[in-house]
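Structure file entry_6.txt; described as compact mmCIF, C-alpha atoms.
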```
# COMPACT_ATOMS: atom_id res chain seq x y z
CA MET I 9 24.34 14.67 -29.91
CA SER I 10 23.42 16.51 -26.76
CA ASN I 11 20.47 18.36 -28.25
CA HIS I 12 18.99 15.29 -29.87
CA SER I 13 15.33 15.61 -28.88
CA VAL I 14 13.04 12.69 -28.14
CA ALA I 15 10.05 14.97 -28.63
CA GLN I 16 10.83 15.03 -32.34
CA THR I 17 11.54 11.31 -32.50
CA SER I 18 8.34 9.50 -33.28
CA ALA I 19 9.69 6.29 -34.84
CA PRO I 20 12.19 3.71 -33.60
CA ALA I 21 14.04 4.17 -36.93
CA SER I 22 15.61 7.40 -35.66
CA GLU I 23 17.03 5.84 -32.51
CA PRO I 24 20.80 6.27 -32.40
CA ALA I 25 23.34 3.45 -32.48
CA ASP I 26 24.80 2.22 -29.16
CA SER I 27 28.05 4.14 -29.76
CA GLU I 28 26.16 7.40 -30.18
CA ILE I 29 24.22 6.82 -26.94
CA ILE I 30 27.40 6.19 -25.02
CA GLU I 31 28.93 9.40 -26.39
CA SER I 32 25.88 11.48 -25.55
CA GLY I 33 26.12 10.91 -21.80
CA GLU I 34 23.26 11.77 -19.45
CA PHE I 35 21.37 14.92 -20.31
CA PRO I 36 17.93 16.14 -19.29
CA ARG I 37 15.37 15.20 -21.85
CA SER I 38 11.64 15.64 -21.97
CA VAL I 39 9.72 12.43 -22.50
CA ASN I 40 7.07 12.48 -25.20
CA TRP I 41 4.17 10.24 -24.19
CA SER I 42 2.75 10.32 -27.72
CA ASN I 43 5.86 8.58 -29.06
CA PRO I 44 4.75 4.93 -29.52
CA ARG I 45 8.16 3.65 -28.40
CA VAL I 46 7.99 5.71 -25.21
CA ARG I 47 4.46 4.46 -24.48
CA ALA I 48 5.53 0.85 -25.08
CA ILE I 49 8.47 1.25 -22.68
CA LEU I 50 6.26 2.91 -20.04
CA GLU I 51 3.68 0.15 -20.31
CA ALA I 52 6.30 -2.62 -20.13
CA ALA I 53 7.93 -0.83 -17.18
CA ALA I 54 4.58 -0.56 -15.37
CA GLU I 55 4.07 -4.32 -15.86
CA CYS I 56 7.60 -5.19 -14.71
CA PHE I 57 7.56 -2.88 -11.68
CA SER I 58 4.10 -4.15 -10.75
CA LYS I 59 5.24 -7.78 -11.04
CA GLY I 60 8.68 -7.63 -9.45
CA GLY I 61 8.79 -4.39 -7.47
CA PHE I 62 11.15 -1.50 -8.17
CA THR I 63 14.24 -2.76 -6.37
CA ALA I 64 14.44 -6.06 -8.24
CA THR I 65 13.59 -4.68 -11.72
CA THR I 66 16.37 -3.45 -14.03
CA LEU I 67 16.24 -1.41 -17.26
CA ALA I 68 17.52 -4.58 -18.99
CA ASP I 69 14.48 -6.55 -17.69
CA ILE I 70 12.17 -3.92 -19.15
CA GLY I 71 14.00 -3.92 -22.49
CA ARG I 72 13.79 -7.71 -22.61
CA GLU I 73 9.98 -7.56 -22.42
CA LEU I 74 9.99 -5.58 -25.66
CA GLY I 75 12.96 -7.27 -27.32
CA LEU I 76 14.96 -4.02 -26.95
CA ARG I 77 18.57 -3.56 -25.92
CA LYS I 78 19.05 -1.90 -22.55
CA SER I 79 20.81 0.98 -24.34
CA ILE I 80 17.59 1.85 -26.19
CA VAL I 81 15.62 2.00 -22.93
CA HIS I 82 18.45 4.08 -21.52
CA TYR I 83 18.24 6.41 -24.53
CA TYR I 84 14.70 7.43 -23.64
CA PHE I 85 15.11 7.29 -19.85
CA THR I 86 18.47 8.38 -18.52
CA SER I 87 18.16 6.39 -15.28
CA LYS I 88 15.90 3.93 -13.53
CA ALA I 89 14.82 6.74 -11.18
CA ALA I 90 13.76 8.84 -14.19
CA LEU I 91 11.77 5.90 -15.57
CA VAL I 92 10.09 5.28 -12.19
CA HIS I 93 9.03 8.94 -12.08
CA GLU I 94 7.67 8.84 -15.63
CA VAL I 95 5.78 5.61 -14.95
CA GLN I 96 4.25 7.29 -11.91
CA SER I 97 3.17 10.33 -13.94
CA PHE I 98 1.84 8.15 -16.73
CA SER I 99 -0.17 6.03 -14.30
CA TYR I 100 -1.52 9.04 -12.36
CA GLY I 101 -2.38 10.74 -15.65
CA ARG I 102 -4.63 7.81 -16.44
CA TYR I 103 -6.12 7.92 -12.95
CA LEU I 104 -7.01 11.62 -13.27
CA GLU I 105 -8.38 10.99 -16.74
CA ALA I 106 -10.60 8.21 -15.32
CA ILE I 107 -11.95 10.62 -12.70
CA ARG I 108 -12.58 13.38 -15.25
CA SER I 109 -14.30 11.16 -17.76
CA SER I 110 -16.45 9.51 -15.07
CA PHE I 111 -17.79 12.88 -13.99
CA GLU I 112 -18.22 14.15 -17.55
CA ALA I 113 -20.11 11.04 -18.68
CA ARG I 114 -22.46 11.39 -15.71
CA ALA I 115 -22.91 15.14 -15.79
CA GLU I 116 -26.66 14.65 -15.46
CA GLY I 117 -26.51 11.78 -12.98
CA SER I 118 -25.67 11.61 -9.31
CA VAL I 119 -22.21 11.74 -7.78
CA GLY I 120 -22.80 8.10 -6.83
CA ASP I 121 -23.20 7.15 -10.51
CA ALA I 122 -19.99 8.97 -11.38
CA LEU I 123 -18.08 7.28 -8.55
CA SER I 124 -19.47 3.89 -9.64
CA ALA I 125 -18.16 4.58 -13.13
CA LEU I 126 -14.78 5.58 -11.69
CA TRP I 127 -14.64 2.38 -9.66
CA GLY I 128 -15.46 0.41 -12.82
CA THR I 129 -12.58 2.03 -14.69
CA LEU I 130 -10.08 1.52 -11.87
CA THR I 131 -10.89 -2.16 -11.45
CA GLN I 132 -10.22 -2.82 -15.14
CA SER I 133 -6.45 -2.70 -14.76
CA SER I 134 -4.80 -4.91 -12.17
CA ALA I 135 -1.38 -3.73 -13.45
CA ILE I 136 -2.20 -0.16 -12.36
CA ARG I 137 -3.44 -1.40 -8.98
CA GLY I 138 -0.28 -3.41 -8.41
CA LEU I 139 1.83 -0.49 -9.54
CA ASN I 140 0.13 1.83 -7.05
CA ILE I 141 1.04 -0.45 -4.15
CA GLU I 142 4.66 -0.56 -5.33
CA LEU I 143 4.66 3.26 -5.65
CA TRP I 144 3.48 3.65 -2.04
CA SER I 145 6.28 1.40 -0.86
CA GLU I 146 8.93 3.07 -3.04
CA GLY I 147 7.65 6.54 -2.12
CA ARG I 148 8.52 5.85 1.52
CA ARG I 149 12.20 5.97 0.48
CA ASP I 150 12.01 8.49 -2.38
CA PRO I 151 10.95 12.01 -1.29
CA GLU I 152 10.60 13.22 -4.89
CA LEU I 153 8.25 10.36 -5.74
CA ARG I 154 6.24 11.18 -2.63
CA ALA I 155 6.07 14.89 -3.42
CA ARG I 156 4.88 14.13 -6.95
CA ALA I 157 2.25 11.71 -5.60
CA GLU I 158 0.98 14.42 -3.28
CA THR I 159 0.57 16.92 -6.13
CA LEU I 160 -1.37 14.39 -8.17
CA GLN I 161 -3.52 13.38 -5.21
CA ASP I 162 -4.33 17.02 -4.52
CA GLU I 163 -5.56 17.34 -8.09
CA ALA I 164 -7.67 14.16 -7.83
CA ARG I 165 -9.15 15.29 -4.52
CA ALA I 166 -10.03 18.72 -5.89
CA LEU I 167 -11.86 17.14 -8.84
CA ILE I 168 -13.97 14.89 -6.60
CA ALA I 169 -14.56 17.60 -3.98
CA GLN I 170 -15.79 19.98 -6.67
CA HIS I 171 -18.42 17.49 -7.82
CA LEU I 172 -19.47 16.53 -4.30
CA GLY I 173 -19.77 20.22 -3.43
CA SER I 174 -21.88 21.11 -6.45
CA ALA I 175 -24.15 18.03 -6.22
CA GLY I 176 -24.86 17.51 -2.55
CA PRO I 177 -25.72 19.25 0.69
CA PHE I 178 -22.06 19.44 1.60
CA THR I 179 -20.08 22.44 2.73
CA ALA I 180 -16.75 22.96 0.94
CA ARG I 181 -14.95 21.51 3.95
CA GLU I 182 -17.20 18.43 4.08
CA ALA I 183 -16.80 17.92 0.33
CA ASP I 184 -13.02 18.08 0.70
CA ASP I 185 -13.03 15.59 3.60
CA LEU I 186 -15.37 13.20 1.80
CA ALA I 187 -13.21 13.41 -1.34
CA THR I 188 -10.27 12.33 0.86
CA VAL I 189 -12.42 9.47 2.23
CA THR I 190 -13.34 8.41 -1.32
CA LEU I 191 -9.77 8.39 -2.62
CA SER I 192 -8.40 6.67 0.49
CA LEU I 193 -11.13 4.05 0.35
CA LEU I 194 -10.27 3.39 -3.31
CA ASP I 195 -6.64 2.93 -2.25
CA GLY I 196 -7.59 0.56 0.58
CA LEU I 197 -9.90 -1.45 -1.69
CA THR I 198 -6.99 -1.77 -4.12
CA VAL I 199 -5.02 -3.48 -1.36
CA LEU I 200 -8.00 -5.74 -0.60
CA ALA I 201 -8.62 -6.73 -4.23
CA GLU I 202 -4.92 -7.42 -4.79
CA ARG I 203 -4.74 -9.58 -1.66
CA GLU I 204 -7.88 -11.55 -2.46
CA GLY I 205 -7.15 -11.79 -6.19
CA SER I 206 -10.78 -10.78 -6.70
CA ASP I 207 -12.86 -7.59 -6.86
CA GLU I 208 -15.97 -9.14 -5.39
CA ARG I 209 -15.75 -8.07 -1.76
CA ALA I 210 -14.21 -4.72 -2.69
CA HIS I 211 -17.06 -4.11 -5.12
CA ARG I 212 -19.72 -4.80 -2.47
CA ALA I 213 -17.92 -2.56 0.01
CA PHE I 214 -17.73 0.33 -2.46
CA ALA I 215 -21.47 -0.02 -3.13
CA ALA I 216 -22.13 0.10 0.64
CA PHE I 217 -20.05 3.28 0.88
CA LEU I 218 -21.99 4.91 -1.98
CA LYS I 219 -25.22 4.10 -0.12
CA LEU I 220 -23.91 5.90 2.98
CA LEU I 221 -22.95 8.88 0.84
CA ASP I 222 -26.30 8.88 -0.93
CA ARG I 223 -28.22 8.77 2.33
CA LYS I 224 -26.28 11.81 3.47
CA GLN I 225 -27.33 13.59 0.29
CA ASN I 226 -31.05 12.93 0.74
CA MET A 19 20.81 -29.91 19.36
CA SER A 20 17.83 -30.46 17.10
CA ASN A 21 15.25 -30.42 19.88
CA HIS A 22 16.60 -27.27 21.49
CA SER A 23 13.42 -25.27 22.13
CA VAL A 24 13.20 -21.51 22.00
CA ALA A 25 9.94 -21.71 23.93
CA GLN A 26 11.93 -22.71 26.99
CA THR A 27 14.60 -20.10 26.38
CA SER A 28 13.68 -16.96 28.19
CA ALA A 29 17.07 -15.33 28.64
CA PRO A 30 19.87 -14.47 26.21
CA ALA A 31 22.24 -16.38 28.53
CA SER A 32 20.99 -19.71 27.16
CA GLU A 33 21.67 -18.83 23.54
CA PRO A 34 24.10 -21.32 21.99
CA ALA A 35 27.57 -20.50 20.72
CA ASP A 36 28.03 -19.90 16.99
CA SER A 37 29.48 -23.39 16.49
CA GLU A 38 26.37 -25.01 18.00
CA ILE A 39 24.07 -22.96 15.76
CA ILE A 40 25.91 -24.03 12.66
CA GLU A 41 25.67 -27.69 13.72
CA SER A 42 21.97 -27.47 14.43
CA GLY A 43 21.02 -26.68 10.83
CA GLU A 44 17.54 -25.44 9.92
CA PHE A 45 14.72 -27.02 11.86
CA PRO A 46 11.15 -25.93 12.48
CA ARG A 47 10.89 -24.03 15.70
CA SER A 48 8.04 -22.24 17.36
CA VAL A 49 8.75 -18.62 18.20
CA ASN A 50 7.87 -17.51 21.71
CA TRP A 51 6.70 -13.88 21.64
CA SER A 52 7.03 -13.62 25.42
CA ASN A 53 10.78 -14.18 25.18
CA PRO A 54 12.27 -10.67 25.58
CA ARG A 55 15.02 -11.41 23.04
CA VAL A 56 12.45 -12.56 20.47
CA ARG A 57 10.36 -9.43 21.06
CA ALA A 58 13.43 -7.21 20.72
CA ILE A 59 14.36 -8.88 17.41
CA LEU A 60 10.78 -8.60 16.11
CA GLU A 61 10.61 -4.92 17.03
CA ALA A 62 14.00 -4.16 15.46
CA ALA A 63 12.99 -6.15 12.37
CA ALA A 64 9.72 -4.21 12.08
CA GLU A 65 11.69 -0.94 12.25
CA CYS A 66 14.28 -2.08 9.69
CA PHE A 67 11.72 -3.52 7.25
CA SER A 68 9.60 -0.40 7.62
CA LYS A 69 12.60 1.85 6.96
CA GLY A 70 14.37 -0.01 4.15
CA GLY A 71 11.80 -2.44 2.75
CA PHE A 72 12.13 -6.23 2.82
CA THR A 73 14.35 -6.72 -0.21
CA ALA A 74 17.11 -4.42 0.98
CA THR A 75 17.11 -5.50 4.66
CA THR A 76 19.31 -8.40 5.82
CA LEU A 77 19.32 -10.42 9.05
CA ALA A 78 22.73 -8.82 9.72
CA ASP A 79 21.16 -5.30 9.49
CA ILE A 80 18.58 -6.33 12.08
CA GLY A 81 21.21 -7.83 14.38
CA ARG A 82 23.29 -4.66 14.10
CA GLU A 83 20.38 -2.57 15.45
CA LEU A 84 20.53 -4.63 18.65
CA GLY A 85 24.30 -5.19 18.76
CA LEU A 86 23.75 -8.91 18.05
CA ARG A 87 25.64 -11.20 15.72
CA LYS A 88 23.71 -12.37 12.67
CA SER A 89 24.02 -15.94 13.97
CA ILE A 90 21.94 -15.06 17.05
CA VAL A 91 19.15 -13.61 14.89
CA HIS A 92 19.42 -16.74 12.75
CA TYR A 93 19.15 -18.91 15.88
CA TYR A 94 15.66 -17.59 16.61
CA PHE A 95 14.53 -17.21 12.99
CA THR A 96 15.79 -19.83 10.57
CA SER A 97 15.44 -17.58 7.51
CA LYS A 98 14.54 -14.05 6.50
CA ALA A 99 11.21 -15.38 5.14
CA ALA A 100 10.45 -16.88 8.58
CA LEU A 101 11.26 -13.56 10.24
CA VAL A 102 9.07 -11.63 7.76
CA HIS A 103 6.16 -13.96 8.55
CA GLU A 104 6.64 -13.59 12.30
CA VAL A 105 6.88 -9.80 12.01
CA GLN A 106 3.62 -9.88 10.08
CA SER A 107 1.89 -12.01 12.75
CA PHE A 108 3.30 -9.84 15.52
CA SER A 109 2.11 -6.65 13.83
CA TYR A 110 -1.35 -8.04 13.01
CA GLY A 111 -1.63 -9.38 16.55
CA ARG A 112 -1.24 -5.82 17.78
CA TYR A 113 -3.77 -4.58 15.23
CA LEU A 114 -6.40 -7.12 16.37
CA GLU A 115 -5.63 -6.28 19.98
CA ALA A 116 -6.20 -2.58 19.21
CA ILE A 117 -9.60 -3.40 17.69
CA ARG A 118 -10.62 -5.62 20.61
CA SER A 119 -9.58 -3.17 23.29
CA SER A 120 -11.24 -0.25 21.48
CA PHE A 121 -14.57 -2.07 21.48
CA GLU A 122 -14.18 -3.32 25.04
CA ALA A 123 -13.31 0.11 26.42
CA ARG A 124 -16.37 1.58 24.68
CA ALA A 125 -18.81 -1.21 25.46
CA GLU A 126 -21.34 1.37 26.61
CA GLY A 127 -20.59 3.94 23.92
CA SER A 128 -21.34 4.07 20.21
CA VAL A 129 -19.54 2.19 17.47
CA GLY A 130 -18.26 5.60 16.35
CA ASP A 131 -16.55 6.11 19.73
CA ALA A 132 -14.93 2.69 19.48
CA LEU A 133 -13.72 3.35 15.93
CA SER A 134 -12.35 6.75 17.02
CA ALA A 135 -10.41 4.99 19.76
CA LEU A 136 -9.13 2.43 17.23
CA TRP A 137 -8.02 5.22 14.91
CA GLY A 138 -6.22 6.86 17.83
CA THR A 139 -4.34 3.66 18.61
CA LEU A 140 -3.38 3.01 14.99
CA THR A 141 -2.04 6.51 14.45
CA GLN A 142 0.29 6.17 17.45
CA SER A 143 2.78 3.98 15.63
CA SER A 144 4.20 5.15 12.32
CA ALA A 145 6.49 2.06 12.29
CA ILE A 146 3.42 -0.21 12.10
CA ARG A 147 1.91 1.92 9.34
CA GLY A 148 5.09 1.82 7.31
CA LEU A 149 5.40 -1.89 7.89
CA ASN A 150 1.87 -2.47 6.60
CA ILE A 151 2.67 -0.75 3.31
CA GLU A 152 5.80 -2.89 2.92
CA LEU A 153 3.76 -6.02 3.72
CA TRP A 154 1.24 -5.19 0.96
CA SER A 155 4.07 -4.81 -1.52
CA GLU A 156 5.88 -7.97 -0.38
CA GLY A 157 2.62 -9.94 -0.24
CA ARG A 158 2.18 -9.39 -3.98
CA ARG A 159 5.17 -11.72 -4.48
CA ASP A 160 4.73 -14.04 -1.50
CA PRO A 161 1.53 -16.14 -1.59
CA GLU A 162 2.01 -17.40 1.97
CA LEU A 163 2.29 -13.83 3.30
CA ARG A 164 -0.86 -12.93 1.38
CA ALA A 165 -2.80 -15.96 2.66
CA ARG A 166 -1.81 -15.12 6.24
CA ALA A 167 -2.85 -11.49 5.73
CA GLU A 168 -6.23 -12.64 4.47
CA THR A 169 -6.83 -14.81 7.56
CA LEU A 170 -5.96 -11.93 9.87
CA GLN A 171 -8.10 -9.47 7.89
CA ASP A 172 -11.05 -11.87 8.08
CA GLU A 173 -10.67 -11.89 11.84
CA ALA A 174 -10.48 -8.08 12.03
CA ARG A 175 -13.50 -7.70 9.76
CA ALA A 176 -15.55 -10.17 11.81
CA LEU A 177 -14.78 -8.23 15.00
CA ILE A 178 -15.90 -4.92 13.52
CA ALA A 179 -18.93 -6.42 11.73
CA GLN A 180 -20.09 -8.00 14.98
CA HIS A 181 -20.09 -4.64 16.73
CA LEU A 182 -21.70 -2.79 13.84
CA GLY A 183 -24.38 -5.49 13.63
CA SER A 184 -25.20 -5.39 17.34
CA ALA A 185 -25.14 -1.59 17.64
CA GLY A 186 -26.84 -0.27 14.52
CA PRO A 187 -29.73 -0.77 12.16
CA PHE A 188 -27.57 -2.89 9.89
CA THR A 189 -28.32 -6.31 8.46
CA ALA A 190 -25.51 -8.88 8.85
CA ARG A 191 -24.58 -8.32 5.21
CA GLU A 192 -24.49 -4.53 5.58
CA ALA A 193 -22.43 -4.82 8.75
CA ASP A 194 -19.95 -7.07 6.93
CA ASP A 195 -19.69 -4.67 3.98
CA LEU A 196 -19.28 -1.63 6.23
CA ALA A 197 -16.60 -3.46 8.24
CA THR A 198 -14.76 -3.96 4.94
CA VAL A 199 -15.21 -0.25 4.18
CA THR A 200 -13.84 0.67 7.62
CA LEU A 201 -10.75 -1.52 7.38
CA SER A 202 -10.03 -0.50 3.78
CA LEU A 203 -10.44 3.16 4.65
CA LEU A 204 -7.99 2.72 7.55
CA ASP A 205 -5.53 1.16 5.08
CA GLY A 206 -6.00 3.99 2.57
CA LEU A 207 -5.60 6.63 5.28
CA THR A 208 -2.36 4.91 6.29
CA VAL A 209 -1.08 5.55 2.77
CA LEU A 210 -2.22 9.17 2.96
CA ALA A 211 -0.66 9.84 6.38
CA GLU A 212 2.62 8.21 5.33
CA ARG A 213 2.72 10.26 2.12
CA GLU A 214 1.93 13.55 3.84
CA GLY A 215 4.06 12.83 6.90
CA SER A 216 1.09 14.03 8.95
CA ASP A 217 -2.16 12.62 10.32
CA GLU A 218 -4.08 15.85 10.02
CA ARG A 219 -5.99 15.34 6.79
CA ALA A 220 -6.43 11.61 7.48
CA HIS A 221 -7.86 12.43 10.89
CA ARG A 222 -10.41 14.87 9.44
CA ALA A 223 -11.39 12.34 6.76
CA PHE A 224 -11.93 9.58 9.32
CA ALA A 225 -14.14 11.90 11.37
CA ALA A 226 -16.19 12.68 8.24
CA PHE A 227 -16.60 8.96 7.62
CA LEU A 228 -17.78 8.38 11.20
CA LYS A 229 -20.38 11.11 10.69
CA LEU A 230 -21.72 9.32 7.60
CA LEU A 231 -21.87 6.07 9.56
CA ASP A 232 -23.58 7.74 12.46
CA ARG A 233 -26.20 9.33 10.24
CA LYS A 234 -26.99 5.93 8.84
CA GLN A 235 -27.49 4.67 12.39
CA ASN A 236 -29.98 7.37 13.36
```
Represent the structure from my file as structure tokens, please.
Amino acid sequence: MSNHSVAQTSAPASEPADSEIIESGEFPRSVNWSNPRVRAILEAAAECFSKGGFTATTLADIGRELGLRKSIVHYYFTSKAALVHEVQSFSYGRYLEAIRSSFEARAEGSVGDALSALWGTLTQSSAIRGLNIELWSEGRRDPELRARAETLQDEARALIAQHLGSAGPFTAREADDLATVTLSLLDGLTVLAEREGSDERAHRAFAAFLKLLDRKQN
Amino acid sequence: MSNHSVAQTSAPASEPADSEIIESGEFPRSVNWSNPRVRAILEAAAECFSKGGFTATTLADIGRELGLRKSIVHYYFTSKAALVHEVQSFSYGRYLEAIRSSFEARAEGSVGDALSALWGTLTQSSAIRGLNIELWSEGRRDPELRARAETLQDEARALIAQHLGSAGPFTAREADDLATVTLSLLDGLTVLAEREGSDERAHRAFAAFLKLLDRKQN
């Protein structure tokens, strides 16, 4: 059983019986995000972690959301830590994708337009916002989670800095610093919107920031 | 025992014996921040919550930090929830004080100078930064904590907006929005500095933001 690969498992029908899972033990396994079952578990996990926090959420809770036995969740994710890390990657993957597509869609427009589009995408999912806050808290006690977050943030910052640098009167250093400001402001506005249960004030604040940035460009 | 007041208790010597505490039951009690014992418990609690998160930290853990029995902690704070709320107020009280004193000290200088001073104060304490992240996470599951955070944020925003409004070319609405931007950016930079274990990049980003703000003023 130990070379049973999830990457080749695209349908729940090929999931093993409980007895087989128990025999297989814990072995490293790459998670295939295109597997519908894997995606469903990641999405349910993101919801559960966002709602209850990491400490209080069990693999059984996540399985229950989908009507799955805990052993099936455990089959795809060998431990809760592994699932937390995959949920992080999955969520950051979407975040990077939102940045990329915002800049691509506005290739002809201003950086401000692209950042507005990014803000629009990010405010669509309150589950992702909640999850981010839980990841910051959990990352304070999990160095691997923190290291992974840093890698993903570096990538996000580079994407934004590249566009600020090519579009405005900014030096490479200024573009890098303002990309940090943009990402950190988005994080802080996440906290605000979650606290207020509304995007309204956060939305106005982001618009005010874009005006400052725009003024600098002109 | 039920009218025993902590406000009049300034020395550990007047703490009751365990048997008295058990008899007294849970009764509402105002917490006196000028009581050295109360301050010591609040500071130890802030450290413990910041280090381990709220869920995993017990009143006994906090007592252990100070060499106190759990019953003594319980004497001043009737429940963990009460202690969490007091730690929040204590921490936000310091935050507001940092804002006030930054603006007072720079009464003759620019808003940028005052915000630089505020940034300097906030970056001095990594325990407060860590605690804030834990409070955001906990607040997602505790409506009272969230409501209290909102009140305190409103106060902080009003303080900053007032100074931006009186110092710059901003309308009241712009000053309010830019105060939101400032506070949210400070929150986001907290996340960044905690993740990186260093203030360096956050510091550069805040300076870049102050330059944008300054340009708008001129």
- Proximity to Gly157 of chain A - best of I:Ile70, I:Leu200, I:Leu167, I:Ile107, only C-alpha atoms: I:Leu200
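Nearest residue to Arg82 of chain A among A:Ile59, A:Tyr94, A:Val199, A:Ser144 is A:Ile59, counting all atoms listed in the file.
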- Spatial neighbours of Ala225 of chain A, max dist 12 Å, only C-alpha atoms, sep filter under 5 positions, as a count of residues only: 22
- Item | Spatial sel., origin (4.9, -4.7, -14.4), limit 10 Å, all atoms listed in the file, listed as an MDAnalysis selection string | chainID I and resid 50:62 65 70 73 134:136 138:139 142
- By how many Å are atom CA of Arg203 of chain I and atom CA of Thr131 of chain I apart?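 If I compute the distance from atom CA of Arg203 of chain I to atom CA of Thr131 of chain I, I get 13.7 Å.
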- Query: From the list I:His93, I:Arg108, I:His82, I:Arg181, which residue is nearest Glu146 of chain I when using all atoms listed in the file?
  - Reply: I:His93
- Neighbours of Leu153 of chain I within 12 Å (all atoms listed in the file; same-chain residues fewer than 2 positions away dropped), as a VMD selection string? (chain I and resid 89 to 97 100 140 142 to 151 155 to 160) or (chain A and resid 213 to 214)
Generate the output file for the selected residues, C-alpha atoms, as a tab-separated table (two decimals), in the frame of the given file.
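After the write, selection_30.tsv holds the following:
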```tsv
chain	number	residue	atom	x	y	z
I	89	ALA	CA	14.82	6.74	-11.18
I	90	ALA	CA	13.76	8.84	-14.19
I	91	LEU	CA	11.77	5.90	-15.57
I	92	VAL	CA	10.09	5.28	-12.19
I	93	HIS	CA	9.03	8.94	-12.08
I	94	GLU	CA	7.67	8.84	-15.63
I	95	VAL	CA	5.78	5.61	-14.95
I	96	GLN	CA	4.25	7.29	-11.91
I	97	SER	CA	3.17	10.33	-13.94
I	100	TYR	CA	-1.52	9.04	-12.36
I	140	ASN	CA	0.13	1.83	-7.05
I	142	GLU	CA	4.66	-0.56	-5.33
I	143	LEU	CA	4.66	3.26	-5.65
I	144	TRP	CA	3.48	3.65	-2.04
I	145	SER	CA	6.28	1.40	-0.86
I	146	GLU	CA	8.93	3.07	-3.04
I	147	GLY	CA	7.65	6.54	-2.12
I	148	ARG	CA	8.52	5.85	1.52
I	149	ARG	CA	12.20	5.97	0.48
I	150	ASP	CA	12.01	8.49	-2.38
I	151	PRO	CA	10.95	12.01	-1.29
I	155	ALA	CA	6.07	14.89	-3.42
I	156	ARG	CA	4.88	14.13	-6.95
I	157	ALA	CA	2.25	11.71	-5.60
I	158	GLU	CA	0.98	14.42	-3.28
I	159	THR	CA	0.57	16.92	-6.13
I	160	LEU	CA	-1.37	14.39	-8.17
A	213	ARG	CA	2.72	10.26	2.12
A	214	GLU	CA	1.93	13.55	3.84
```
- Could you tell me how far atom CA of Gly186 of chain A lies from atom CA of Asp172 of chain A, in Å and to one decimal? 20.6 Å
- When you draw a straight line from atom CA of Phe178 of chain I to atom CA of Lys229 of chain A, how long is it in Å?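 Value for the atom CA of Phe178 of chain I-atom CA of Lys229 of chain A distance: 12.4 Å.
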- Message: Using only C-alpha atoms, can you tell me which of A:Val129, A:Val56, A:Ile151, A:Ala78 comes closest to Ala193 of chain A?
- Response: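 Nearest candidate to Ala193 of chain A out of A:Val129, A:Val56, A:Ile151, A:Ala78: A:Val129.
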- In terms of all atoms listed in the file, the residue from I:Arg212, I:Arg77, I:Lys88, I:Arg45 at minimal distance from chain A is I:Arg212
- Could you check which of I:Ala64, I:Ala164, I:Leu130, I:Ala169 is closest to chain A, using only C-alpha atoms?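 Closest residue, counting only C-alpha atoms: I:Ala64.
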